[in-house]
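Source file work24.pdb; content: PDB, C-alpha atoms.
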MODEL        1
ATOM      1  CA  MET A  15      92.295  33.498 167.664
ATOM      2  CA  SER A  16      94.960  32.416 165.238
ATOM      3  CA  VAL A  17      96.836  34.989 163.243
ATOM      4  CA  PRO A  18      99.891  34.187 161.156
ATOM      5  CA  ASP A  19     103.105  35.776 162.315
ATOM      6  CA  GLU A  20     104.372  38.841 160.601
ATOM      7  CA  PRO A  21     107.611  38.419 158.680
ATOM      8  CA  ARG A  22     110.686  39.014 160.794
ATOM      9  CA  ALA A  23     113.082  41.858 160.158
ATOM     10  CA  ASP A  24     114.993  41.661 156.934
ATOM     11  CA  PRO A  25     118.430  40.381 158.029
ATOM     12  CA  ALA A  26     120.106  42.445 155.322
ATOM     13  CA  THR A  27     118.628  45.610 156.774
ATOM     14  CA  THR A  28     119.659  44.668 160.271
ATOM     15  CA  ARG A  29     123.167  43.842 159.152
ATOM     16  CA  LEU A  30     123.449  47.108 157.283
ATOM     17  CA  ARG A  31     122.497  48.988 160.462
ATOM     18  CA  ARG A  32     125.257  47.349 162.441
ATOM     19  CA  VAL A  33     127.945  47.793 159.818
ATOM     20  CA  ASP A  34     127.178  51.390 159.019
ATOM     21  CA  GLY A  35     126.634  52.537 162.567
ATOM     22  CA  ASP A  36     124.177  55.061 161.160
ATOM     23  CA  PRO A  37     120.635  53.868 161.854
ATOM     24  CA  ALA A  38     119.051  56.453 159.578
ATOM     25  CA  ARG A  39     120.869  55.255 156.480
ATOM     26  CA  ALA A  40     119.393  51.793 156.221
ATOM     27  CA  SER A  41     115.785  52.916 156.500
ATOM     28  CA  ALA A  42     113.184  53.874 153.941
ATOM     29  CA  LEU A  43     111.672  56.362 156.394
ATOM     30  CA  ASP A  44     110.575  59.607 154.723
ATOM     31  CA  PRO A  45     113.662  61.865 154.954
ATOM     32  CA  ALA A  46     111.444  64.780 155.972
ATOM     33  CA  ILE A  47     110.401  62.795 159.053
ATOM     34  CA  ALA A  48     113.861  61.374 159.695
ATOM     35  CA  ALA A  49     115.237  64.903 159.796
ATOM     36  CA  ARG A  50     112.930  65.751 162.691
ATOM     37  CA  LEU A  51     114.051  62.865 164.916
ATOM     38  CA  ARG A  52     116.435  63.326 167.805
ATOM     39  CA  ARG A  53     117.733  59.849 168.532
ATOM     40  CA  THR A  54     119.567  58.273 171.444
ATOM     41  CA  ALA A  55     123.173  57.222 170.967
ATOM     42  CA  ASP A  56     121.723  53.871 169.855
ATOM     43  CA  GLY A  57     119.661  55.559 167.134
ATOM     44  CA  LEU A  58     116.319  55.153 168.879
ATOM     45  CA  VAL A  59     113.291  57.224 169.800
ATOM     46  CA  ALA A  60     110.946  56.312 172.640
ATOM     47  CA  ALA A  61     107.461  55.107 171.711
ATOM     48  CA  VAL A  62     104.652  55.647 174.207
ATOM     49  CA  VAL A  63     101.705  53.451 173.296
ATOM     50  CA  GLN A  64      98.190  54.495 174.179
ATOM     51  CA  ARG A  65      94.859  52.768 173.659
ATOM     52  CA  HIS A  66      92.770  54.590 171.069
ATOM     53  CA  GLY A  67      89.660  56.015 172.636
ATOM     54  CA  SER A  68      90.134  55.278 176.320
ATOM     55  CA  GLY A  69      93.483  57.029 176.727
ATOM     56  CA  GLU A  70      94.939  54.118 178.718
ATOM     57  CA  VAL A  71      98.734  54.130 178.476
ATOM     58  CA  LEU A  72      99.632  50.558 177.568
ATOM     59  CA  MET A  73     103.412  50.305 177.317
ATOM     60  CA  MET A  74     106.653  51.992 176.367
ATOM     61  CA  ALA A  75     109.032  50.662 173.724
ATOM     62  CA  TRP A  76     111.675  51.875 171.293
ATOM     63  CA  MET A  77     111.833  52.490 167.556
ATOM     64  CA  ASP A  78     114.641  53.140 165.158
ATOM     65  CA  ASP A  79     113.947  54.849 161.835
ATOM     66  CA  GLU A  80     112.989  51.599 160.125
ATOM     67  CA  ALA A  81     110.627  50.528 162.921
ATOM     68  CA  LEU A  82     108.916  53.906 162.667
ATOM     69  CA  HIS A  83     108.760  53.561 158.882
ATOM     70  CA  ARG A  84     107.138  50.120 159.163
ATOM     71  CA  THR A  85     104.718  51.365 161.820
ATOM     72  CA  LEU A  86     103.610  54.238 159.583
ATOM     73  CA  THR A  87     103.409  52.266 156.354
ATOM     74  CA  THR A  88     101.957  48.944 157.549
ATOM     75  CA  GLY A  89      99.633  50.217 160.271
ATOM     76  CA  ARG A  90     101.060  47.550 162.599
ATOM     77  CA  ALA A  91     103.071  48.750 165.590
ATOM     78  CA  THR A  92     106.672  47.699 165.074
ATOM     79  CA  TYR A  93     109.501  48.227 167.554
ATOM     80  CA  TRP A  94     113.214  47.711 167.918
ATOM     81  CA  SER A  95     114.065  45.221 170.650
ATOM     82  CA  ARG A  96     117.116  46.425 172.532
ATOM     83  CA  SER A  97     117.579  43.073 174.269
ATOM     84  CA  ARG A  98     117.230  40.931 171.159
ATOM     85  CA  GLN A  99     118.613  43.526 168.724
ATOM     86  CA  GLU A 100     115.869  42.880 166.206
ATOM     87  CA  TYR A 101     112.560  44.243 164.982
ATOM     88  CA  TRP A 102     109.380  42.946 166.525
ATOM     89  CA  VAL A 103     105.866  43.407 165.275
ATOM     90  CA  LYS A 104     103.667  43.544 168.341
ATOM     91  CA  GLY A 105     101.408  40.496 168.362
ATOM     92  CA  ALA A 106     103.451  38.488 165.854
ATOM     93  CA  THR A 107     103.994  35.706 168.366
ATOM     94  CA  SER A 108     101.393  36.553 171.039
ATOM     95  CA  GLY A 109      98.469  37.417 168.787
ATOM     96  CA  HIS A 110      98.138  40.645 170.790
ATOM     97  CA  HIS A 111      98.224  42.892 167.757
ATOM     98  CA  GLN A 112      98.338  46.658 167.769
ATOM     99  CA  TYR A 113      96.540  48.370 164.888
ATOM    100  CA  VAL A 114      97.915  51.865 164.571
ATOM    101  CA  ARG A 115      95.451  54.724 164.620
ATOM    102  CA  SER A 116      97.809  57.700 164.920
ATOM    103  CA  VAL A 117     101.462  58.548 165.452
ATOM    104  CA  ARG A 118     102.535  61.902 166.822
ATOM    105  CA  LEU A 119     106.080  63.155 167.331
ATOM    106  CA  ASP A 120     106.857  65.312 170.343
ATOM    107  CA  CYS A 121     108.267  68.842 170.370
ATOM    108  CA  ASP A 122     111.902  67.813 170.631
ATOM    109  CA  GLY A 123     111.712  64.826 168.304
ATOM    110  CA  ASP A 124     112.801  62.117 170.724
ATOM    111  CA  THR A 125     109.444  60.467 171.511
ATOM    112  CA  VAL A 126     106.439  59.312 169.496
ATOM    113  CA  LEU A 127     102.969  58.775 170.893
ATOM    114  CA  VAL A 128     101.291  55.878 169.124
ATOM    115  CA  THR A 129      97.568  55.289 169.553
ATOM    116  CA  VAL A 130      96.421  51.767 168.769
ATOM    117  CA  GLU A 131      93.540  49.354 168.762
ATOM    118  CA  GLN A 132      94.955  46.762 171.143
ATOM    119  CA  VAL A 133      93.964  43.126 170.756
ATOM    120  CA  GLY A 134      94.238  41.243 174.064
ATOM    121  CA  ALA A 135      96.808  42.114 176.717
ATOM    122  CA  ALA A 136      99.381  44.775 175.905
ATOM    123  CA  CYS A 137     101.902  43.568 178.502
ATOM    124  CA  HIS A 138     103.993  40.436 178.034
ATOM    125  CA  THR A 139     103.060  39.466 181.612
ATOM    126  CA  GLY A 140      99.453  39.111 180.524
ATOM    127  CA  ALA A 141      98.367  42.312 182.250
ATOM    128  CA  GLY A 142      96.198  44.737 180.313
ATOM    129  CA  ASN A 143      98.978  47.297 180.423
ATOM    130  CA  CYS A 144     102.553  47.385 181.695
ATOM    131  CA  PHE A 145     102.011  49.965 184.438
ATOM    132  CA  PHE A 146     100.587  47.862 187.272
ATOM    133  CA  ASP A 147     103.185  48.556 189.990
ATOM    134  CA  GLU A 148     101.795  51.573 191.836
ATOM    135  CA  LEU A 149     104.344  53.503 193.893
ATOM    136  CA  PRO A 150     103.297  55.400 197.031
ATOM    137  CA  VAL A 151     102.936  59.171 196.665
ATOM    138  CA  THR A 152     103.467  60.357 200.225
ATOM    139  CA  GLY A 153     103.964  64.082 199.705
ATOM    140  CA  THR A 154     101.383  66.660 200.588
ATOM    141  CA  ILE A 155      99.677  67.623 197.395
ATOM    142  CA  ALA A 156      98.414  71.155 197.180
ATOM    143  CA  ASP A 157      94.907  71.676 195.920
ATOM    144  CA  PRO A 158      95.408  73.111 192.431
ATOM    145  CA  GLN A 159      92.229  75.136 192.817
ATOM    146  CA  GLU A 160      93.696  76.961 195.802
ATOM    147  CA  ASP A 161      97.013  77.459 194.085
ATOM    148  CA  ARG A 162      95.607  79.249 191.070
TER     149      ARG A 162
ATOM    150  CA  MET B  23      99.372  83.609 188.868
ATOM    151  CA  SER B  24     102.629  84.047 190.703
ATOM    152  CA  VAL B  25     104.218  81.117 192.424
ATOM    153  CA  PRO B  26     107.678  81.211 193.959
ATOM    154  CA  ASP B  27     110.195  78.936 192.365
ATOM    155  CA  GLU B  28     110.977  75.650 193.968
ATOM    156  CA  PRO B  29     114.446  75.289 195.396
ATOM    157  CA  ARG B  30     116.969  74.080 192.874
ATOM    158  CA  ALA B  31     118.787  70.797 193.201
ATOM    159  CA  ASP B  32     121.195  70.519 196.078
ATOM    160  CA  PRO B  33     124.606  71.019 194.448
ATOM    161  CA  ALA B  34     126.184  68.594 196.919
ATOM    162  CA  THR B  35     123.824  65.862 195.803
ATOM    163  CA  THR B  36     124.484  66.587 192.159
ATOM    164  CA  ARG B  37     128.222  66.571 192.702
ATOM    165  CA  LEU B  38     128.054  63.318 194.602
ATOM    166  CA  ARG B  39     126.201  61.732 191.686
ATOM    167  CA  ARG B  40     128.891  62.701 189.239
ATOM    168  CA  VAL B  41     131.793  61.614 191.418
ATOM    169  CA  ASP B  42     130.385  58.280 192.423
ATOM    170  CA  GLY B  43     129.050  57.342 189.026
ATOM    171  CA  ASP B  44     126.331  55.425 190.858
ATOM    172  CA  PRO B  45     123.094  57.375 190.659
ATOM    173  CA  ALA B  46     121.322  55.217 193.209
ATOM    174  CA  ARG B  47     123.784  55.966 195.992
ATOM    175  CA  ALA B  48     123.150  59.666 196.376
ATOM    176  CA  SER B  49     119.386  59.391 196.644
ATOM    177  CA  ALA B  50     117.015  58.987 199.552
ATOM    178  CA  LEU B  51     114.683  56.908 197.388
ATOM    179  CA  ASP B  52     113.165  53.945 199.249
ATOM    180  CA  PRO B  53     115.634  51.084 198.613
ATOM    181  CA  ALA B  54     112.724  48.714 197.951
ATOM    182  CA  ILE B  55     111.705  50.931 195.032
ATOM    183  CA  ALA B  56     115.273  51.603 193.882
ATOM    184  CA  ALA B  57     115.843  47.852 193.648
ATOM    185  CA  ARG B  58     113.026  47.560 191.122
ATOM    186  CA  LEU B  59     114.397  50.194 188.705
ATOM    187  CA  ARG B  60     116.204  49.273 185.525
ATOM    188  CA  ARG B  61     118.075  52.405 184.569
ATOM    189  CA  THR B  62     119.768  53.601 181.388
ATOM    190  CA  ALA B  63     123.539  53.849 181.333
ATOM    191  CA  ASP B  64     123.015  57.407 182.568
ATOM    192  CA  GLY B  65     121.063  56.164 185.591
ATOM    193  CA  LEU B  66     117.652  57.282 184.339
ATOM    194  CA  VAL B  67     114.154  55.925 183.896
ATOM    195  CA  ALA B  68     111.676  57.358 181.397
ATOM    196  CA  ALA B  69     108.704  59.257 182.786
ATOM    197  CA  VAL B  70     105.511  59.374 180.734
ATOM    198  CA  VAL B  71     103.259  62.118 182.023
ATOM    199  CA  GLN B  72      99.507  61.863 181.647
ATOM    200  CA  ARG B  73      96.737  64.237 182.623
ATOM    201  CA  HIS B  74      94.689  62.870 185.504
ATOM    202  CA  GLY B  75      91.161  62.136 184.404
ATOM    203  CA  SER B  76      91.250  62.826 180.678
ATOM    204  CA  GLY B  77      94.067  60.421 179.844
ATOM    205  CA  GLU B  78      95.809  62.985 177.621
ATOM    206  CA  VAL B  79      99.517  62.179 177.336
ATOM    207  CA  LEU B  80     101.258  65.453 178.040
ATOM    208  CA  MET B  81     105.011  64.906 177.755
ATOM    209  CA  MET B  82     107.916  62.545 178.246
ATOM    210  CA  ALA B  83     110.875  63.305 180.505
ATOM    211  CA  TRP B  84     113.521  61.525 182.557
ATOM    212  CA  MET B  85     114.067  60.826 186.245
ATOM    213  CA  ASP B  86     116.999  59.544 188.219
ATOM    214  CA  ASP B  87     116.429  57.985 191.641
ATOM    215  CA  GLU B  88     116.444  61.336 193.419
ATOM    216  CA  ALA B  89     113.989  62.919 190.968
ATOM    217  CA  LEU B  90     111.643  59.984 191.514
ATOM    218  CA  HIS B  91     112.108  60.293 195.270
ATOM    219  CA  ARG B  92     111.247  64.005 195.162
ATOM    220  CA  THR B  93     108.253  63.347 192.911
ATOM    221  CA  LEU B  94     106.894  60.742 195.322
ATOM    222  CA  THR B  95     107.580  62.655 198.520
ATOM    223  CA  THR B  96     106.704  66.213 197.487
ATOM    224  CA  GLY B  97     103.797  65.505 195.142
ATOM    225  CA  ARG B  98     105.415  67.861 192.603
ATOM    226  CA  ALA B  99     106.665  66.316 189.368
ATOM    227  CA  THR B 100     110.447  66.563 189.358
ATOM    228  CA  TYR B 101     112.705  65.488 186.501
ATOM    229  CA  TRP B 102     116.372  65.210 185.605
ATOM    230  CA  SER B 103     117.338  67.491 182.739
ATOM    231  CA  ARG B 104     119.759  65.679 180.475
ATOM    232  CA  SER B 105     120.667  68.873 178.632
ATOM    233  CA  ARG B 106     121.226  71.008 181.725
ATOM    234  CA  GLN B 107     122.348  68.138 183.978
ATOM    235  CA  GLU B 108     120.203  69.340 186.844
ATOM    236  CA  TYR B 109     116.888  68.686 188.543
ATOM    237  CA  TRP B 110     113.868  70.637 187.437
ATOM    238  CA  VAL B 111     110.560  70.938 189.189
ATOM    239  CA  LYS B 112     107.956  71.312 186.477
ATOM    240  CA  GLY B 113     106.422  74.768 186.747
ATOM    241  CA  ALA B 114     109.176  76.244 188.889
ATOM    242  CA  THR B 115     109.925  78.889 186.283
ATOM    243  CA  SER B 116     106.858  78.666 184.026
ATOM    244  CA  GLY B 117     104.167  78.396 186.691
ATOM    245  CA  HIS B 118     102.860  75.371 184.813
ATOM    246  CA  HIS B 119     102.901  73.092 187.836
ATOM    247  CA  GLN B 120     102.226  69.391 187.859
ATOM    248  CA  TYR B 121     100.543  68.057 190.987
ATOM    249  CA  VAL B 122     101.176  64.341 191.158
ATOM    250  CA  ARG B 123      98.165  62.062 191.515
ATOM    251  CA  SER B 124      99.780  58.658 190.917
ATOM    252  CA  VAL B 125     103.067  57.069 189.892
ATOM    253  CA  ARG B 126     103.201  53.589 188.435
ATOM    254  CA  LEU B 127     106.282  51.620 187.447
ATOM    255  CA  ASP B 128     106.144  49.385 184.393
ATOM    256  CA  CYS B 129     106.764  45.647 184.222
ATOM    257  CA  ASP B 130     110.453  45.884 183.426
ATOM    258  CA  GLY B 131     111.234  48.813 185.703
ATOM    259  CA  ASP B 132     112.516  51.272 183.122
ATOM    260  CA  THR B 133     109.512  53.604 182.794
ATOM    261  CA  VAL B 134     107.143  55.340 185.191
ATOM    262  CA  LEU B 135     103.698  56.617 184.304
ATOM    263  CA  VAL B 136     102.935  59.780 186.245
ATOM    264  CA  THR B 137      99.405  61.145 186.332
ATOM    265  CA  VAL B 138      99.156  64.819 187.209
ATOM    266  CA  GLU B 139      96.882  67.773 187.603
ATOM    267  CA  GLN B 140      98.458  70.050 184.992
ATOM    268  CA  VAL B 141      98.321  73.808 185.459
ATOM    269  CA  GLY B 142      98.509  75.641 182.130
ATOM    270  CA  ALA B 143     100.425  74.291 179.141
ATOM    271  CA  ALA B 144     102.479  71.141 179.638
ATOM    272  CA  CYS B 145     104.796  71.828 176.692
ATOM    273  CA  HIS B 146     107.560  74.433 176.813
ATOM    274  CA  THR B 147     106.358  75.629 173.383
ATOM    275  CA  GLY B 148     103.088  76.731 174.960
ATOM    276  CA  ALA B 149     101.114  73.867 173.461
ATOM    277  CA  GLY B 150      98.787  71.927 175.723
ATOM    278  CA  ASN B 151     100.918  68.831 175.259
ATOM    279  CA  CYS B 152     104.180  68.002 173.492
ATOM    280  CA  PHE B 153     102.708  65.634 170.886
ATOM    281  CA  PHE B 154     101.380  68.027 168.256
ATOM    282  CA  ASP B 155     103.361  66.855 165.218
ATOM    283  CA  GLU B 156     101.111  64.228 163.617
ATOM    284  CA  LEU B 157     102.884  61.827 161.254
ATOM    285  CA  PRO B 158     101.026  60.246 158.334
ATOM    286  CA  VAL B 159      99.926  56.628 158.800
ATOM    287  CA  THR B 160      99.691  55.408 155.226
ATOM    288  CA  GLY B 161      99.466  51.641 155.707
ATOM    289  CA  THR B 162      96.301  49.677 155.240
ATOM    290  CA  ILE B 163      94.914  49.065 158.687
ATOM    291  CA  ALA B 164      92.973  45.872 159.164
ATOM    292  CA  ASP B 165      89.677  46.106 160.959
ATOM    293  CA  PRO B 166      90.366  44.532 164.357
ATOM    294  CA  GLN B 167      86.785  43.306 164.516
ATOM    295  CA  GLU B 168      87.253  41.276 161.342
ATOM    296  CA  ASP B 169      90.621  40.029 162.474
ATOM    297  CA  ARG B 170      89.342  38.497 165.686
TER     298      ARG B 170
ENDMDL
END

As C-alpha cells, please, write out the structure in this file.
Amino acid sequence: MSVPDEPRADPATTRLRRVDGDPARASALDPAIAARLRRTADGLVAAVVQRHGSGEVLMMAWMDDEALHRTLTTGRATYWSRSRQEYWVKGATSGHHQYVRSVRLDCDGDTVLVTVEQVGAACHTGAGNCFFDELPVTGTIADPQEDR
Amino acid sequence: MSVPDEPRADPATTRLRRVDGDPARASALDPAIAARLRRTADGLVAAVVQRHGSGEVLMMAWMDDEALHRTLTTGRATYWSRSRQEYWVKGATSGHHQYVRSVRLDCDGDTVLVTVEQVGAACHTGAGNCFFDELPVTGTIADPQEDR
C-alpha cells in the first residue's frame, strides 16, 4: 500500500503556539468546543483511541486545540507529539492511517475518546495495539455477583 | 447495596511522597514494573478504564506507583486524585466498584489499560461512562476499503 504523506504542521502555526504560550489562540478549533476543554499545563488533552466496532483500545496520545480541530475537520486522526513538538497525522509515514468515526469529550473536558478505522498496526512497534505488556493482578477479586 | 468504604490512603505514605519528591520511593510496587513506567512530572501514568467484555471505554484517571500497586494487589481499581491529592478507591463512596480483570502497560510505559467489572455508573455524573459529549466530525472521511 502506498499512500502519500499528509502535509506536516504549518510552521507558522507551531511558531505562534510557542511565542504566545497560549495553545488555544493559534487554533481554528470551534470556540464552543475549545471552551469545554480542560488542558494540561502544556495545553493538551489526552486522546484515547479505540477501534470502531470491536472496541479494542489501540493507543493513547495527546492533542492540542489545533490537533483536535484537524482531527474533527479532516477525519484523519492528528496528534501533538510531545517528544518532537510537532503535529503528526497518524499513518503519514507508516501508512497505518486512522480514519475517524467519532470523537467524544469526557465529563471533565480533559480526555477525548476517538474511534477509528485503523489501517495496519496501531502501535509503532508493529503490534496491533500498544497495550501488550500485561501486568500481574495478584489480588483476590470479589465476585461482583456476590457483592451486589 | 451498601458496601463499607475502603480505607483511605495512609497519610504517612502520602506525606512521604510529598517530602521526597520521588513518587516511586514510597511505593511497594514491584521494582521490575516500576522500572518500566514513564511518569509525568507529577509522577503519574494515565489509566484508561474499559469494561470487561463489552469493550466500552468508561473513564480516564491517573495512577502513581502506589495506586498501581494497590490496583494490582487488591483487585480494586485505585487512582490518584490530582484535585484532592489523595488516593481513591473507585466505588468507596459511590458504591460503583470496579473489580479489576486485567492491567496492561503500553509500549512507552506512560499509560495502563485497566479492564474492570463495573458496578453501576462509571461516571461521577451518573452516566454509564464519562464520554457522552459527542463532537462533530465534519471532515470528509475516505473509505478505508478504497484507500487500501

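Neighbours of range 90-95 of chain B closer than or equal to 6 Å, with all atoms listed in the file counted and sequence neighbours fewer than 6 positions away skipped, come out as Val151, Thr152 and Gly153 of chain A; Leu51 of chain B.
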
Counting only C-alpha atoms, which residues in chain B sit no more than 7 Å from chain A? For each one, give the nearest pair of atoms and the distance in Å, sorted by chain then residue number, as CSV.
residue,atom,partner,partner_atom,distance
B:Met23,CA,A:Arg162,CA,6.2
B:Gly77,CA,A:Gly69,CA,4.6
B:Glu78,CA,A:Gly69,CA,6.5
B:Leu94,CA,A:Val151,CA,4.5
B:Thr95,CA,A:Gly153,CA,4.1
B:Thr96,CA,A:Gly153,CA,4.1
B:Gly97,CA,A:Gly153,CA,4.8
B:Tyr121,CA,A:Ile155,CA,6.5
B:Ser124,CA,A:Val151,CA,6.6
B:Val125,CA,A:Leu149,CA,5.5
B:Arg126,CA,A:Glu148,CA,4.2
B:Leu127,CA,A:Asp147,CA,5.0
B:Asp128,CA,A:Phe145,CA,4.2
B:Cys129,CA,A:Cys144,CA,5.2
B:Leu135,CA,A:Phe145,CA,6.9
B:Cys152,CA,A:Asp120,CA,4.9
B:Phe153,CA,A:Asp120,CA,4.2
B:Phe154,CA,A:Arg118,CA,6.4
B:Asp155,CA,A:Leu119,CA,5.1
B:Glu156,CA,A:Arg118,CA,4.2
B:Leu157,CA,A:Val117,CA,5.5
B:Pro158,CA,A:Leu86,CA,6.7
B:Val159,CA,A:Leu86,CA,4.5
B:Thr160,CA,A:Thr87,CA,5.0
B:Gly161,CA,A:Thr87,CA,4.0
B:Thr162,CA,A:Gly89,CA,6.1
B:Ile163,CA,A:Gly89,CA,5.1
B:Arg170,CA,A:Met15,CA,6.1

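With only C-alpha atoms as the atoms that count, the residue of B:Pro53, B:Ala48, B:Gly113, B:Arg104 with the shortest distance to Leu66 in chain B is B:Arg104.
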
**Prompt:** What does the distance between CA of Val130 in chain A and CA of His66 in chain A come to in Å, to one decimal place?
**Reply:** 5.2 Å

**Item:** Pairwise distance for CA of Ala63 in chain B and CA of Tyr101 in chain A, rounded to one decimal in Å
**Value:**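 Between CA of Ala63 in chain B and CA of Tyr101 in chain A the gap works out to 21.9 Å.
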
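CA of Ala56 in chain B is positioned 24.4 Å from CA of Gly142 in chain A.
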
Selection as an mmCIF file with C-alpha atoms, in the coordinates of the input: residues within 6 Å of (115.5, 58.0, 164.3), counting all atoms listed in the file:
data_model
loop_
_atom_site.group_PDB
_atom_site.id
_atom_site.type_symbol
_atom_site.label_atom_id
_atom_site.label_comp_id
_atom_site.auth_asym_id
_atom_site.auth_seq_id
_atom_site.Cartn_x
_atom_site.Cartn_y
_atom_site.Cartn_z
ATOM 1 C CA ALA A 48 113.861 61.374 159.695
ATOM 2 C CA LEU A 51 114.051 62.865 164.916
ATOM 3 C CA ARG A 53 117.733 59.849 168.532
ATOM 4 C CA GLY A 57 119.661 55.559 167.134
ATOM 5 C CA LEU A 58 116.319 55.153 168.879
ATOM 6 C CA VAL A 59 113.291 57.224 169.800
ATOM 7 C CA ASP A 78 114.641 53.140 165.158
ATOM 8 C CA ASP A 79 113.947 54.849 161.835
#

**Message:** My list of candidates is A:Gly140, A:Trp94, A:Met77, A:Thr129. Which is closest to Ser108 in chain A when distances are computed with all atoms listed in the file?
**Reply:** A:Gly140

Hey, could you patch up range 76-83 of chain B with all heavy atoms and hand it over as a PDB file, in the coordinates of the input?
ATOM      1  N   SER B  76      91.518  62.871 182.125  1.00  0.00           N
ATOM      2  CA  SER B  76      91.250  62.826 180.678  1.00  0.00           C
ATOM      3  C   SER B  76      92.061  61.757 179.951  1.00  0.00           C
ATOM      4  O   SER B  76      91.681  61.309 178.875  1.00  0.00           O
ATOM      5  CB  SER B  76      91.547  64.184 180.047  1.00  0.00           C
ATOM      6  OG  SER B  76      92.942  64.359 179.879  1.00  0.00           O
ATOM      7  N   GLY B  77      93.211  61.393 180.512  1.00  0.00           N
ATOM      8  CA  GLY B  77      94.067  60.421 179.844  1.00  0.00           C
ATOM      9  C   GLY B  77      94.995  61.024 178.807  1.00  0.00           C
ATOM     10  O   GLY B  77      95.797  60.310 178.198  1.00  0.00           O
ATOM     11  N   GLU B  78      94.926  62.326 178.594  1.00  0.00           N
ATOM     12  CA  GLU B  78      95.809  62.985 177.621  1.00  0.00           C
ATOM     13  C   GLU B  78      97.277  62.777 178.012  1.00  0.00           C
ATOM     14  O   GLU B  78      97.666  63.055 179.151  1.00  0.00           O
ATOM     15  CB  GLU B  78      95.481  64.487 177.613  1.00  0.00           C
ATOM     16  CG  GLU B  78      96.354  65.332 176.708  1.00  0.00           C
ATOM     17  CD  GLU B  78      96.076  66.836 176.885  1.00  0.00           C
ATOM     18  OE1 GLU B  78      95.265  67.189 177.769  1.00  0.00           O
ATOM     19  OE2 GLU B  78      96.680  67.630 176.151  1.00  0.00           O
ATOM     20  N   VAL B  79      98.088  62.295 177.073  1.00  0.00           N
ATOM     21  CA  VAL B  79      99.517  62.179 177.336  1.00  0.00           C
ATOM     22  C   VAL B  79     100.147  63.537 177.076  1.00  0.00           C
ATOM     23  O   VAL B  79     100.025  64.093 175.978  1.00  0.00           O
ATOM     24  CB  VAL B  79     100.172  61.084 176.478  1.00  0.00           C
ATOM     25  CG1 VAL B  79     101.673  61.049 176.701  1.00  0.00           C
ATOM     26  CG2 VAL B  79      99.561  59.718 176.821  1.00  0.00           C
ATOM     27  N   LEU B  80     100.794  64.068 178.082  1.00  0.00           N
ATOM     28  CA  LEU B  80     101.258  65.453 178.040  1.00  0.00           C
ATOM     29  C   LEU B  80     102.701  65.593 177.554  1.00  0.00           C
ATOM     30  O   LEU B  80     103.010  66.469 176.757  1.00  0.00           O
ATOM     31  CB  LEU B  80     101.153  66.069 179.439  1.00  0.00           C
ATOM     32  CG  LEU B  80      99.739  66.138 180.024  1.00  0.00           C
ATOM     33  CD1 LEU B  80      99.779  66.519 181.506  1.00  0.00           C
ATOM     34  CD2 LEU B  80      98.890  67.136 179.234  1.00  0.00           C
ATOM     35  N   MET B  81     103.587  64.739 178.044  1.00  0.00           N
ATOM     36  CA  MET B  81     105.011  64.906 177.755  1.00  0.00           C
ATOM     37  C   MET B  81     105.772  63.652 178.178  1.00  0.00           C
ATOM     38  O   MET B  81     105.216  62.774 178.832  1.00  0.00           O
ATOM     39  CB  MET B  81     105.574  66.124 178.511  1.00  0.00           C
ATOM     40  CG  MET B  81     105.276  66.104 180.011  1.00  0.00           C
ATOM     41  SD  MET B  81     105.972  67.515 180.930  1.00  0.00           S
ATOM     42  CE  MET B  81     107.632  66.891 181.271  1.00  0.00           C
ATOM     43  N   MET B  82     107.024  63.601 177.792  1.00  0.00           N
ATOM     44  CA  MET B  82     107.916  62.545 178.246  1.00  0.00           C
ATOM     45  C   MET B  82     109.173  63.215 178.778  1.00  0.00           C
ATOM     46  O   MET B  82     109.667  64.178 178.177  1.00  0.00           O
ATOM     47  CB  MET B  82     108.255  61.605 177.085  1.00  0.00           C
ATOM     48  CG  MET B  82     108.432  60.155 177.493  1.00  0.00           C
ATOM     49  SD  MET B  82     110.029  59.784 178.212  1.00  0.00           S
ATOM     50  CE  MET B  82     110.996  59.510 176.706  1.00  0.00           C
ATOM     51  N   ALA B  83     109.666  62.725 179.919  1.00  0.00           N
ATOM     52  CA  ALA B  83     110.875  63.305 180.505  1.00  0.00           C
ATOM     53  C   ALA B  83     111.646  62.170 181.187  1.00  0.00           C
ATOM     54  O   ALA B  83     111.316  61.001 181.014  1.00  0.00           O
ATOM     55  CB  ALA B  83     110.502  64.402 181.489  1.00  0.00           C
TER      56      ALA B  83
END
